[in-house]
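See below for the structure under consideration.
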Protein chains: 2
Amino acid sequence: MFKPVTIKDIAKALGLSPSTVSRALRDGYEISPETKRIVKEYADKIDYRSNPIALSLKGRRSYSIGVVVCEVANSFFSQAINGIESIAYNKGYRVIISQSHDLYEREVINTKHLANSSVDGLLISMAAETTDFSHLSSLHENGLPIVFFDRVIDQIQTHKVIVNNFSSAFEATELLIKRGHSRIAHLASAPHLSITTERMDGYTAALNKHSIAFNPEYVQYCPHGGRIYGEVEDAVKKLLSLPDSADAIFVSSDRLSIGCLRALKKFHLNPEDMPVAGFSNSDVVELLKPTLSYVRQPAFEMGRIATELLIGLIEAKYPVTEFETKVLDTELFLNDGPLATGSKSV
Amino acid sequence: MFKPVTIKDIAKALGLSPSTVSRALRDGYEISPETKRIVKEYADKIDYRSNPIALSLKGRRSYSIGVVVCEVANSFFSQAINGIESIAYNKGYRVIISQSHDLYEREVINTKHLANSSVDGLLISMAAETTDFSHLSSLHENGLPIVFFDRVIDQIQTHKVIVNNFSSAFEATELLIKRGHSRIAHLASAPHLSITTERMDGYTAALNKHSIAFNPEYVQYCPHGGRIYGEVEDAVKKLLSLPDSADAIFVSSDRLSIGCLRALKKFHLNPEDMPVAGFSNSDVVELLKPTLSYVRQPAFEMGRIATELLIGLIEAKYPVTEFETKVLDTELFLNDGPLATGSKSV
DNA sequence: TTGAAAGCGCTAACAT
DNA sequence: ATGTTAGCGCTTTCAA
């Protein structure tokens, strides 16, 4: 069907050997300028493009990086992907995206599939369901470069890119406190995710600072990360039906924030009655009706940095042993404007 | 770095020839059950995985399909990508996604890059800016299977997947008319896009049916498809500042719908004063404050079907000459519930 | 300065 | 039932 032009074709047409053509095209120093000119002109004319597959086979490099996120249809991740692409593209890598849908099994299959597709490296944000990391550690031990972003794990030593989850959560919670609320609930994602624990800590720290007793009943987890809307609605319902019902909610993830608003709307609760502060990178937050005060993560930037780190790993001459965890700042928005900014980078 | 196990390794370890191993692994009929067992067990033990690059080089097939959309961070497209993935995945293809950001130049670079990466086929929704299609026709003439979805073009004969844009637009417009509006503006995307003209026709047809004179001043185009928010705001501003200002707006694309609401909010216009009906696949439409009556496209389904058609093309034994254009139904939602459904499939 | 030949991992036609 | 060999497109010694 598709009839690609090969180096051999050029060689034959020009009465040269394939190796000469190869060298001429790659500007080998041994080739005469004249020959180079001829070869290049001809290659140009017939629109020759080298076959990257053959190149990969030879060089054991595929110039592609694999990405595993829970879902593309999520503002945070699609923005991060934009960032990933912007760098990968410039550096000549293509990006293969796959979605875990927050399912452990899908994550395992995807990473295997990607590794098997000989990606040169992996960019991953853990699925909510995942608690066993052997699928990743085995790849990592085999030398596959991996960089984590957003939902990271401690068990694998490599570069990581996150935001200051603790202080972001702290500030968001404190915002609610400063507005006079004291029965602040916390709607959280799967309990073992890094973002969940860190944000939880920020939440409790804020309560502490303002001498508000921590009430475990005010904390609801969504083990599926909000993948199933029902779990969010149930969680919210529980918070509302407590004897001493919550009077504000801090939500610790993008999808949950939306789910929470949806549930509140369903229960006919006005934002005045039940203000919500949560993480969200939605591009329409300002237009949402139960309004949302929100923490915005620099998703694009996170993708960019993670990719730079990954490519650094891939192209490193010597094995890298010093890893860094980049911590970026978030921004806290209160209805329509920035109120305060997150904390420092480490 | 990465130490892949090869068929040769297995052959050597087992005292067999590479071809025997290869055949045993692929269940070749000529291999004795005993040998198969031995080979498979060993392969399993050392976690052997075939090198897809070598396979591709051999078979001239990469088992990957390229996707070009304007933007991943757009509900319609991210849902379509989910559909694409669901099929591709099952059939053993991986998906390489790239974004044109509605820019002609990016689209050209991306398609070249993908073709050059030897994808087996291309799934594309045209960029708003694109008016010259030679980058695609040349690939297509060279035998690269292409399937268009959503934003299609007439110039290339192949499978296409769209929705019934005409009747969807017709119904959305008629909805506004039935609610007593007669000065209905139309906020449209780039004028040469298929979706723009088809939806425009539906809009005018609805006006006609109800004997409302078509007023060209009520039509505003956004050549960048809303990529630049300013163009949307300007367009809306113009519509509002006409001597005989519009009293309702029909918006013909996802991003524009959001942009339009944003502009209206900025101008402090209530939905009662200026109702909007528009295409949108946002997953938070019901939560938007200037409310939106909306046409929802079966994005996931479109991705699914387009991918099935593409893989059909890729795996066709003989050149395909009969192409079909699948036309799917949309749904029209009025605040909180379906009101009417789009029209038939062709 | 150029060419010949080997090899990357795999498969398939052709032996045996 | 198993082995030998050639070749996919390219690069890279090694020879000339």
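Within each chain, counting starts at residue 1; across the structure tokens, chains are named A, B, ... in the order shown, with ligands numbered 1 upward in that order.
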Chain B residues near chain A within 6 Å, closest pair each, using only C-alpha atoms, as JSON lines:
```
{"residue": "B:Met1", "atom": "CA", "partner": "A:Gly143", "partner_atom": "CA", "distance": 5.6}
{"residue": "B:Phe2", "atom": "CA", "partner": "A:Gly143", "partner_atom": "CA", "distance": 5.0}
{"residue": "B:Val72", "atom": "CA", "partner": "A:Ser78", "partner_atom": "CA", "distance": 5.8}
{"residue": "B:Ala73", "atom": "CA", "partner": "A:Ser78", "partner_atom": "CA", "distance": 4.8}
{"residue": "B:Ser78", "atom": "CA", "partner": "A:Ala73", "partner_atom": "CA", "distance": 4.8}
{"residue": "B:Ile96", "atom": "CA", "partner": "A:Ile96", "partner_atom": "CA", "distance": 5.1}
{"residue": "B:Asn142", "atom": "CA", "partner": "A:Phe2", "partner_atom": "CA", "distance": 5.9}
{"residue": "B:Gly143", "atom": "CA", "partner": "A:Phe2", "partner_atom": "CA", "distance": 5.0}
{"residue": "B:Leu287", "atom": "CA", "partner": "A:Leu288", "partner_atom": "CA", "distance": 5.3}
{"residue": "B:Leu288", "atom": "CA", "partner": "A:Leu288", "partner_atom": "CA", "distance": 4.5}
{"residue": "B:Lys289", "atom": "CA", "partner": "A:Lys289", "partner_atom": "CA", "distance": 4.8}
```
For this session: Find the residues of chain D in contact range of chain B, meaning any atom within 9 Å when counting only C-alpha atoms (C1' of nucleotides), and list them as a PyMOL selection string.
Result: chain D and resi 1-3+7-9
Output C-alpha atoms (C1' of nucleotides) for every residue in that selection, as a compact mmCIF listing (two decimals), in the first residue's frame.
```
# COMPACT_ATOMS: atom_id res chain seq x y z
C1' DA D 1 9.16 -31.19 13.75
C1' DT D 2 13.08 -28.30 13.60
C1' DG D 3 16.98 -25.63 11.46
C1' DG D 7 15.78 -9.70 4.60
C1' DC D 8 12.81 -5.52 6.63
C1' DG D 9 15.76 0.03 6.59
```
Problem set entry | Residues of chain C within 7 Å of chain A, counting only C-alpha atoms (C1' of nucleotides), as a ChimeraX atom specification | /C:1-3,8
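The spacing separating atom CA of B:Ile146 from atom CA of A:Lys8 amounts to 27.9 Å.
Within stretch 9-117 of chain B, the backbone-based DSSP assignment of strand (DSSP E) covers B:Ser64, B:Ile65, B:Gly66, B:Val67, B:Val68, B:Val69, B:Arg94, B:Val95, B:Ile96, B:Ile97, B:Ser98, B:Gln99.
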For this session: Identify, with DSSP run on backbone atoms, the residues in stretch 231-341 of chain B assigned to alpha helix (DSSP H), and express the list as a PyMOL selection string.
Result: chain B and resi 231-240+254-266+299-315
Writing out the chosen residues with C-alpha atoms as a PDB file, in the first residue's frame:
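Writing done, so here's again.pdb:
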```
ATOM      1  CA  GLU B 231     -12.393  37.253  19.424  1.00  0.00           C
ATOM      2  CA  VAL B 232     -15.381  35.718  21.157  1.00  0.00           C
ATOM      3  CA  GLU B 233     -15.873  38.665  23.439  1.00  0.00           C
ATOM      4  CA  ASP B 234     -15.603  41.059  20.533  1.00  0.00           C
ATOM      5  CA  ALA B 235     -18.117  39.087  18.552  1.00  0.00           C
ATOM      6  CA  VAL B 236     -20.587  39.048  21.413  1.00  0.00           C
ATOM      7  CA  LYS B 237     -20.041  42.730  22.010  1.00  0.00           C
ATOM      8  CA  LYS B 238     -20.872  43.452  18.394  1.00  0.00           C
ATOM      9  CA  LEU B 239     -24.049  41.455  18.620  1.00  0.00           C
ATOM     10  CA  LEU B 240     -25.094  43.398  21.672  1.00  0.00           C
ATOM     11  CA  ASP B 254     -18.180  23.826  22.162  1.00  0.00           C
ATOM     12  CA  ARG B 255     -15.510  26.304  22.970  1.00  0.00           C
ATOM     13  CA  LEU B 256     -17.505  29.199  21.618  1.00  0.00           C
ATOM     14  CA  SER B 257     -20.439  28.304  23.842  1.00  0.00           C
ATOM     15  CA  ILE B 258     -18.291  28.639  26.908  1.00  0.00           C
ATOM     16  CA  GLY B 259     -16.682  31.792  25.575  1.00  0.00           C
ATOM     17  CA  CYS B 260     -20.078  33.245  24.898  1.00  0.00           C
ATOM     18  CA  LEU B 261     -21.316  32.572  28.420  1.00  0.00           C
ATOM     19  CA  ARG B 262     -18.164  34.103  29.783  1.00  0.00           C
ATOM     20  CA  ALA B 263     -18.673  37.236  27.717  1.00  0.00           C
ATOM     21  CA  LEU B 264     -22.310  37.505  28.734  1.00  0.00           C
ATOM     22  CA  LYS B 265     -21.359  37.178  32.358  1.00  0.00           C
ATOM     23  CA  LYS B 266     -18.778  39.876  31.912  1.00  0.00           C
ATOM     24  CA  ALA B 299     -18.390  12.237  21.071  1.00  0.00           C
ATOM     25  CA  PHE B 300     -17.360   8.879  22.487  1.00  0.00           C
ATOM     26  CA  GLU B 301     -19.392   7.082  19.875  1.00  0.00           C
ATOM     27  CA  MET B 302     -17.930   9.218  17.117  1.00  0.00           C
ATOM     28  CA  GLY B 303     -14.438   8.302  18.230  1.00  0.00           C
ATOM     29  CA  ARG B 304     -15.371   4.649  18.396  1.00  0.00           C
ATOM     30  CA  ILE B 305     -16.873   4.525  14.956  1.00  0.00           C
ATOM     31  CA  ALA B 306     -14.146   6.564  13.330  1.00  0.00           C
ATOM     32  CA  THR B 307     -11.578   4.195  14.771  1.00  0.00           C
ATOM     33  CA  GLU B 308     -13.441   1.129  13.626  1.00  0.00           C
ATOM     34  CA  LEU B 309     -13.633   2.540  10.131  1.00  0.00           C
ATOM     35  CA  LEU B 310      -9.974   3.425  10.178  1.00  0.00           C
ATOM     36  CA  ILE B 311      -8.863   0.022  11.326  1.00  0.00           C
ATOM     37  CA  GLY B 312     -11.099  -1.463   8.677  1.00  0.00           C
ATOM     38  CA  LEU B 313      -9.236   0.591   6.115  1.00  0.00           C
ATOM     39  CA  ILE B 314      -5.867  -0.347   7.547  1.00  0.00           C
ATOM     40  CA  GLU B 315      -6.582  -4.021   7.603  1.00  0.00           C
TER      41      GLU B 315
END
```
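Shortest separation to B:Phe166 among B:Pro191, B:Gly28, B:Gly180, B:Gly202 occurs at residue B:Gly202, atoms counted being only C-alpha atoms.
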Name all residues at most 10 Å from A:Leu207 (count only C-alpha atoms (C1' of nucleotides); drop same-chain ones fewer than 4 positions away) and give them as a compact mmCIF listing (two decimals) with C-alpha atoms, in the first residue's frame.
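Wrote around_36.txt, looks like this:
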```txt
# COMPACT_ATOMS: atom_id res chain seq x y z
CA PHE A 170 -3.98 24.67 54.54
CA THR A 173 -9.19 25.43 54.67
CA GLU A 174 -8.12 28.55 56.45
CA ILE A 177 -12.31 29.31 58.69
CA SER A 182 -15.87 25.96 62.01
CA ARG A 183 -17.60 22.73 61.09
CA ILE A 184 -15.52 22.21 58.02
CA ASP A 201 -2.49 17.16 56.64
CA GLY A 202 -2.91 20.72 55.43
CA TYR A 203 -6.54 20.58 56.35
CA SER A 211 -8.06 25.57 67.63
CA ILE A 212 -10.83 23.74 65.92
CA ALA A 213 -11.15 20.17 67.05
CA PHE A 214 -10.65 17.62 64.33
CA ASN A 215 -13.78 15.58 63.83
```
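Take atom CA of A:Asn281 and atom CA of A:Gln297: the distance between them is 6.6 Å.
Near D:DT13, within 12 Å and counting only C-alpha atoms (C1' of nucleotides), sit Ser19 of chain A; DA4, DA5, DA6 and DG7 of chain C; same-chain residues fewer than 5 positions away were not included.
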Problem set entry | Atom pair atom CA of B:Leu103 / atom CA of B:Phe250: separation (Å) | 24.7 Å
